[in-house]
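Q: The structure that follows is given in the form of structure tokens.
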Amino acid sequence: MIKNFDPPEELTWPVGGTADLSNWGAHGFKVNARYTEGDTLDCGIRDSLDMVDVRFILNYAFDF
């Protein structure tokens with residue numbers, strides 16, 4: 001990540017999973033999806049933005 005996603009006192013909730021795409025005819029391919037949300041406890045002038053990070057990673061493995 002380019003920016004620190006876990007500053008002090010931030011609450012984060014990650015959710016993710018991996019799917020094998022062979023069942024849909026794409027042999028050797030897997031996709032990984034990850035969703036992370038952060039909520040800061042600051043308020044007022046010091047309030048920082050809440051953050052959301054969504055990632056999709058496509059992997060391919062050769063069959064030998």
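Labels for the structure tokens follow display order: chains A, B, ..., residues from 1 in each chain, ligands from 1.
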Which neighbours of stretch 53-56 of chain A fall inside 6 Å, counting only C-alpha atoms, when residues of the same chain fewer than 5 positions from it are skipped, and could you give them as a ChimeraX atom specification?
A: /A:32-36
Q: Output C-alpha atoms for every residue in that selection, as a short mmCIF file (atom, residue, chain, number, x, y, z; two decimals), in the first residue's frame.
A:
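Output contents, as saved in again22.cif:
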```cif
data_model
loop_
_atom_site.label_atom_id
_atom_site.label_comp_id
_atom_site.auth_asym_id
_atom_site.auth_seq_id
_atom_site.Cartn_x
_atom_site.Cartn_y
_atom_site.Cartn_z
CA ASN A 32 -8.32 -13.21 -4.77
CA ALA A 33 -10.65 -10.43 -3.61
CA ARG A 34 -10.04 -8.39 -0.47
CA TYR A 35 -12.07 -5.56 1.09
CA THR A 36 -10.76 -3.61 4.08
#
```
Q: Using only C-alpha atoms, which residues sit within 12 Å of A:Asp63 once same-chain residues fewer than 3 positions away are excluded, as a ChimeraX atom specification?
A: /A:27-29,60
Q: Selection from above, N, CA and C atoms, as a compact mmCIF listing (two decimals), in the first residue's frame, can you write it?
A:
```txt
# COMPACT_ATOMS: atom_id res chain seq x y z
N HIS A 27 -8.83 -22.65 -16.71
CA HIS A 27 -7.93 -23.54 -15.98
C HIS A 27 -6.62 -22.84 -15.64
N GLY A 28 -6.20 -23.00 -14.40
CA GLY A 28 -4.96 -22.40 -13.92
C GLY A 28 -5.12 -21.02 -13.31
N PHE A 29 -6.31 -20.42 -13.44
CA PHE A 29 -6.52 -19.07 -12.92
C PHE A 29 -7.23 -19.11 -11.56
N TYR A 60 -2.13 -16.91 -12.12
CA TYR A 60 -2.13 -17.99 -13.09
C TYR A 60 -1.00 -18.96 -12.75
```
Q: Please report the interatomic distance between atom CA of A:Asp50 and atom CA of A:Gly16 in Å with one decimal.
A: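 Distance reported for this atom pair: 19.2 Å.
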Q: May I have the residues within 8 Å of A:Asp39 as a list in words, using only C-alpha atoms and disregarding those fewer than 6 positions away in the same chain?
A: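 Listed by chain and then number, they are Glu10, Leu11, Thr12, Asp50 and Met51 of chain A.
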Q: Return the single residue from A:Val31, A:Val15, A:Asp20, A:Gly25 that is closest to A:Val52, with distances computed using only C-alpha atoms.
A: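 Using only C-alpha atoms, A:Val52 sits closest to A:Val15.
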